[in-house]
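*Asks:* Have a look at the structure that comes next, please.
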Amino acid sequence: MELFKVLDQMEHEEVVFCNDKEAGLKAIIAVHNTNLGPALGGCRMWSYATEEDAVRDVLRLSRGMTYKNAMMELPLGGGKSVIIGDPRKAKSEKLFRAFGKFVNSLGGKYITAEDVGTCPEDMKYVAMETSYVAGLDGKSGDPSPITAKGVFLGIKACSEWLFGQSDIKDVVVAVQGLGHVGMSLAGLLYEAGARLIVTDIYEDRVKEAEKKFNAKVVSADEIYDVECDVFSPCALGAVINENTVERLKCKIIAGAANNQLKDESFAQKLSERDILYAPDYVINGGGVINVSIEVSGIPYSMEVVEQKLQIIPTRLKEVFNMAKEKGITTAKAADMIAESKFKKKG
């Protein structure tokens with residue numbers, strides 16, 4: 001990877017490599033854009049195959065946060081961080097406090113929170129070293145259930161757009177990934193009468209979904225081949241790629257994962273296959289809405305959160321309408337709307 005060339009292309013402002021040998025910390029913080037305010041984005045912990053994979057992920061994720069925060073009408077820019085390590089084995093107070101010190105060194109330019117592989121307990125340790133952290137217990141807490149609620153509202157909006165009704169009773173949804181968000185989403189879908197097909201890399205999670213939601217369990221690879229109405233990626237990114245796009249047997253792609261498309265060319269491929277794609281940074285904006293209330297300093301209220309979540313179906317319909325009117329992909333339409341909000345004029 002030609003790092004500075006990539007940074008120029010993606011228009012990042014700052015990337016910080018964090019190394020603390022004693023704490024076992026190897027992390028990267030990426031600040032993409034602060035035109036609208038400080039860069040807010042969660043901290044992901046994952047066992048990346050290579051360090052280059054981690055760099056690539058944090059760059060794409062941080063860029064996505066700029067677009068997401070703009071689409072949610074928040075006075076915040078976009079950033080993200082990743083910690084390289086196994087979230088089931090490598091966590092410690094020392095690790096997260098070391099990470100907190102690096103966050104603090106940016107002086108508020110970046111605000112962190114939990115993400116895939118991290119939780120409010122981890123953020124408690126981060127908060128021992130910096131005030132630039134959100135999603136804490138006793139405040140807005142774990143944003144995952146709110147992210148799931150936003151995705152749920154988005155799926156209903158997609159159903160209304162494509163099928164003429166928001167009722168999803170008996171709609172078949174294939175949920176890929178049963179982490180905090182995926183499991184919460186599965187519960188909401190089940191309560192609404194949807195029929196579930198699920199997969200996850202952890203056996204305990206699929207057994208839980210099978211028992212609680214009467215879900216059909218398939219392997220990680222088989223999920224791309226199942227007949228369904230909605231494919232809902234809720235794990236890691238780039239799952240819509242050259243190996244999967246032609247296998248999908250769905251009408252809608254609407255999930256919580258970030259960067260679901262390997263690159264923008266796959267938006268066109270989905271369009272050609274008449275698959276409605278809900279741009280990920282629009283449909284999964286519920287979590288950042290939740291955290292933003294804590295960051296703003298106003299008293300946290302679930303009623304306020306519920307009201308603000310309505311921007312998700314509203315934005316999706318705006319995206320779908322623009323795509324239809326201009327003859328472009330939904331991904332391109334979403335980018336155009338977001339860029340009109342955060343890019344400086346002239």
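Each chain of the structure tokens is named A, B, ... in the order shown, its residues numbered from 1; ligands are numbered from 1 in display order.
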Can you tell me which residues surround range 40-57 of chain A at a distance of at most 8 Å, considering only C-alpha atoms, apart from same-chain residues fewer than 6 positions away, and format the answer as number ranges by chain?
*Replies:* A: 1, 28, 65, 76-87, 110-118, 288
*Asks:* For the residues in that selection, give me N, CA and C atoms as an mmCIF file, in the first residue's frame.
*Replies:*
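Contents of part.cif, freshly written:
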```
data_model
loop_
_atom_site.group_PDB
_atom_site.id
_atom_site.type_symbol
_atom_site.label_atom_id
_atom_site.label_comp_id
_atom_site.auth_asym_id
_atom_site.auth_seq_id
_atom_site.Cartn_x
_atom_site.Cartn_y
_atom_site.Cartn_z
ATOM 1 N N MET A 1 0.844 -1.206 0.000
ATOM 2 C CA MET A 1 0.000 0.000 0.000
ATOM 3 C C MET A 1 0.877 1.253 0.000
ATOM 4 N N ILE A 28 -4.511 1.889 15.495
ATOM 5 C CA ILE A 28 -4.462 2.954 14.496
ATOM 6 C C ILE A 28 -5.694 3.833 14.688
ATOM 7 N N MET A 65 -17.623 7.154 8.446
ATOM 8 C CA MET A 65 -18.191 7.912 9.562
ATOM 9 C C MET A 65 -18.445 9.368 9.193
ATOM 10 N N LEU A 76 -20.798 16.665 13.670
ATOM 11 C CA LEU A 76 -19.624 15.840 13.949
ATOM 12 C C LEU A 76 -18.947 15.422 12.657
ATOM 13 N N GLY A 77 -17.632 15.283 12.729
ATOM 14 C CA GLY A 77 -16.879 14.756 11.603
ATOM 15 C C GLY A 77 -16.729 13.252 11.728
ATOM 16 N N GLY A 78 -15.842 12.689 10.896
ATOM 17 C CA GLY A 78 -15.695 11.247 10.857
ATOM 18 C C GLY A 78 -14.313 10.759 11.233
ATOM 19 N N GLY A 79 -14.266 9.781 12.115
ATOM 20 C CA GLY A 79 -13.015 9.140 12.493
ATOM 21 C C GLY A 79 -13.287 7.711 12.912
ATOM 22 N N LYS A 80 -12.252 6.953 13.133
ATOM 23 C CA LYS A 80 -12.392 5.558 13.575
ATOM 24 C C LYS A 80 -11.056 5.101 14.127
ATOM 25 N N SER A 81 -11.085 4.061 14.928
ATOM 26 C CA SER A 81 -9.845 3.460 15.412
ATOM 27 C C SER A 81 -9.979 1.948 15.402
ATOM 28 N N VAL A 82 -8.834 1.286 15.260
ATOM 29 C CA VAL A 82 -8.813 -0.174 15.351
ATOM 30 C C VAL A 82 -7.674 -0.591 16.271
ATOM 31 N N ILE A 83 -7.952 -1.595 17.071
ATOM 32 C CA ILE A 83 -6.925 -2.235 17.890
ATOM 33 C C ILE A 83 -6.707 -3.627 17.312
ATOM 34 N N ILE A 84 -5.461 -3.955 17.022
ATOM 35 C CA ILE A 84 -5.148 -5.255 16.439
ATOM 36 C C ILE A 84 -5.001 -6.274 17.570
ATOM 37 N N GLY A 85 -5.912 -7.262 17.598
ATOM 38 C CA GLY A 85 -5.868 -8.259 18.662
ATOM 39 C C GLY A 85 -7.168 -9.026 18.758
ATOM 40 N N ASP A 86 -7.143 -10.150 19.413
ATOM 41 C CA ASP A 86 -8.316 -11.000 19.581
ATOM 42 C C ASP A 86 -9.170 -10.464 20.728
ATOM 43 N N PRO A 87 -10.400 -9.999 20.428
ATOM 44 C CA PRO A 87 -11.229 -9.408 21.493
ATOM 45 C C PRO A 87 -11.668 -10.412 22.553
ATOM 46 N N TYR A 110 -10.534 13.718 17.961
ATOM 47 C CA TYR A 110 -11.182 12.429 17.773
ATOM 48 C C TYR A 110 -11.851 11.996 19.071
ATOM 49 N N ILE A 111 -13.105 11.556 18.972
ATOM 50 C CA ILE A 111 -13.859 11.025 20.108
ATOM 51 C C ILE A 111 -14.162 9.564 19.813
ATOM 52 N N THR A 112 -13.810 8.684 20.738
ATOM 53 C CA THR A 112 -13.990 7.253 20.512
ATOM 54 C C THR A 112 -15.229 6.723 21.230
ATOM 55 N N ALA A 113 -15.575 5.494 20.928
ATOM 56 C CA ALA A 113 -16.706 4.791 21.550
ATOM 57 C C ALA A 113 -16.533 3.312 21.218
ATOM 58 N N GLU A 114 -17.472 2.469 21.652
ATOM 59 C CA GLU A 114 -17.328 1.046 21.341
ATOM 60 C C GLU A 114 -17.730 0.748 19.902
ATOM 61 N N ASP A 115 -17.268 -0.393 19.427
ATOM 62 C CA ASP A 115 -17.562 -0.856 18.073
ATOM 63 C C ASP A 115 -17.432 -2.381 18.111
ATOM 64 N N VAL A 116 -17.285 -2.998 16.971
ATOM 65 C CA VAL A 116 -17.114 -4.451 16.913
ATOM 66 C C VAL A 116 -15.929 -4.859 17.791
ATOM 67 N N GLY A 117 -16.161 -5.783 18.711
ATOM 68 C CA GLY A 117 -15.089 -6.292 19.554
ATOM 69 C C GLY A 117 -14.816 -5.509 20.813
ATOM 70 N N THR A 118 -15.509 -4.387 21.005
ATOM 71 C CA THR A 118 -15.344 -3.612 22.246
ATOM 72 C C THR A 118 -16.708 -3.353 22.864
ATOM 73 N N VAL A 288 -24.631 6.020 16.144
ATOM 74 C CA VAL A 288 -23.966 7.324 16.270
ATOM 75 C C VAL A 288 -24.968 8.395 16.707
#
```
*Asks:* Would you mind listing, for every residue of range 306-326 of chain A within 12 Å of range 142-147 of chain A, the two atoms forming the shortest contact and the distance between them in Å to one decimal, using only C-alpha atoms, sorted by chain and ascending residue number, as JSON lines?
*Replies:*
```
{"residue": "A:Glu306", "atom": "CA", "partner": "A:Ile146", "partner_atom": "CA", "distance": 8.7}
{"residue": "A:Gln307", "atom": "CA", "partner": "A:Ile146", "partner_atom": "CA", "distance": 11.8}
{"residue": "A:Lys308", "atom": "CA", "partner": "A:Ile146", "partner_atom": "CA", "distance": 10.9}
{"residue": "A:Leu309", "atom": "CA", "partner": "A:Ile146", "partner_atom": "CA", "distance": 8.5}
{"residue": "A:Gln310", "atom": "CA", "partner": "A:Ile146", "partner_atom": "CA", "distance": 11.9}
{"residue": "A:Ile312", "atom": "CA", "partner": "A:Thr147", "partner_atom": "CA", "distance": 10.6}
```
*Asks:* Need the shell around Glu13 in chain A: protein/DNA/RNA residues with any atom at most 9 Å away, counting only C-alpha atoms. Skip same-chain ones fewer than 6 positions apart. Format as number ranges by chain?
*Replies:* A: 7, 30-34
*Asks:* Next, write the just-selected residues to a file, as a compact mmCIF listing (two decimals), in the first residue's frame, keeping all heavy atoms as the atom set.
*Replies:*
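Done, and the output landed in again-v3.txt:
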```
# COMPACT_ATOMS: atom_id res chain seq x y z
N LEU A 7 -4.05 8.16 1.29
CA LEU A 7 -4.59 9.23 2.13
C LEU A 7 -5.03 10.42 1.30
O LEU A 7 -6.05 11.06 1.58
CB LEU A 7 -3.54 9.67 3.16
CG LEU A 7 -3.12 8.64 4.21
CD1 LEU A 7 -2.13 9.27 5.18
CD2 LEU A 7 -4.31 8.09 4.95
N ALA A 30 -7.70 6.94 12.80
CA ALA A 30 -7.80 7.68 11.54
C ALA A 30 -8.85 8.78 11.67
O ALA A 30 -10.00 8.50 12.03
CB ALA A 30 -8.15 6.75 10.39
N VAL A 31 -8.44 10.00 11.41
CA VAL A 31 -9.36 11.15 11.37
C VAL A 31 -9.55 11.51 9.91
O VAL A 31 -8.60 11.92 9.23
CB VAL A 31 -8.78 12.34 12.15
CG1 VAL A 31 -9.68 13.57 11.99
CG2 VAL A 31 -8.61 11.99 13.63
N HIS A 32 -10.78 11.36 9.42
CA HIS A 32 -11.02 11.60 8.00
C HIS A 32 -11.36 13.06 7.71
O HIS A 32 -10.72 13.71 6.88
CB HIS A 32 -12.16 10.71 7.48
CG HIS A 32 -12.49 10.95 6.04
ND1 HIS A 32 -13.60 11.67 5.63
CD2 HIS A 32 -11.84 10.60 4.91
CE1 HIS A 32 -13.61 11.73 4.31
NE2 HIS A 32 -12.56 11.09 3.85
N ASN A 33 -12.36 13.61 8.41
CA ASN A 33 -12.81 14.96 8.10
C ASN A 33 -13.43 15.60 9.33
O ASN A 33 -14.22 14.96 10.03
CB ASN A 33 -13.85 14.91 6.96
CG ASN A 33 -14.25 16.28 6.47
OD1 ASN A 33 -14.99 16.99 7.14
ND2 ASN A 33 -13.78 16.65 5.29
N THR A 34 -13.08 16.84 9.61
CA THR A 34 -13.62 17.55 10.78
C THR A 34 -14.32 18.84 10.39
O THR A 34 -14.44 19.76 11.20
CB THR A 34 -12.49 17.84 11.80
OG1 THR A 34 -11.44 18.59 11.15
CG2 THR A 34 -11.92 16.56 12.38
```
*Asks:* Work out how far apart CA of Ile168 in chain A and CA of Leu189 in chain A are and give it in Å to one decimal.
*Replies:*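 These atoms are spaced 8.0 Å apart.
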*Asks:* Give me, as a list in words, all polymer residues having an atom no more than 10 Å from Cys250 in chain A, counting only C-alpha atoms and skipping those fewer than 3 positions away in the same chain.
*Replies:* Val172, Val173, Ala174, Tyr224, Asp225, Val226, Glu227, Cys228, Asp229, Val230, Phe231, Ser232, Arg247, Ile253, Arg273, Asp274, Ile275 and Leu276 of chain A
*Asks:* Have a look at A:Glu160, A:Asp8, A:Asp122, A:Glu339 and name the one nearest to Ala90 in chain A; count only C-alpha atoms.
*Replies:*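 Using only C-alpha atoms, the shortest distance to Ala90 in chain A belongs to A:Asp122.
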*Asks:* Ser296 in chain A: which residues within 10 Å, counting only C-alpha atoms, same-chain residues fewer than 3 positions away excluded, as a ChimeraX atom specification?
*Replies:* /A:74-76,291-293,299-300
*Asks:* Taking 3 positions as the minimum chain separation for residues in the same chain, which residues sit within 9 Å of Lys343 in chain A when counting only C-alpha atoms? Answer as JSON, numbers by chain.
*Replies:* {"A": [35, 36, 338, 339, 340]}
*Asks:* May I ask which of the residues A:Ala192, A:Ala254, A:Val282, A:Ala23 is the closest one to Glu93 in chain A, counting only C-alpha atoms?
*Replies:*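 Once distances to Glu93 in chain A are computed over only C-alpha atoms, the minimum belongs to A:Ala23.
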*Asks:* Identify, on the basis of only C-alpha atoms, every residue whose closest approach to Phe99 in chain A does not exceed 12 Å; exclude the query and any residue fewer than 3 positions from it along the same chain; express the result as a ChimeraX atom specification.
*Replies:* /A:16-21,23-29,43-45,81-84,91-96,102-106,112-113,122-130,132-133
*Asks:* Hey, what does DSSP flag as strand (DSSP E) within range 164-230 of chain A? Can you give it to me as a PyMOL selection string?
*Replies:* chain A and resi 172-176+195-199+216-217+230
*Asks:* If you run DSSP over the backbone, which residues in range 85-251 of chain A end up alpha helix (DSSP H)? Put them as an MDAnalysis selection string.
*Replies:* chainID A and resid 93:105 120:126 144:163 180:191 203:213
*Asks:* Pick out the closest residue to Phe213 in chain A from this set: A:Gly64, A:Gly237, A:Gly286, A:Gly187. Count only C-alpha atoms.
*Replies:*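 Comparing A:Gly64, A:Gly237, A:Gly286, A:Gly187 against Phe213 in chain A, the winner is A:Gly187.
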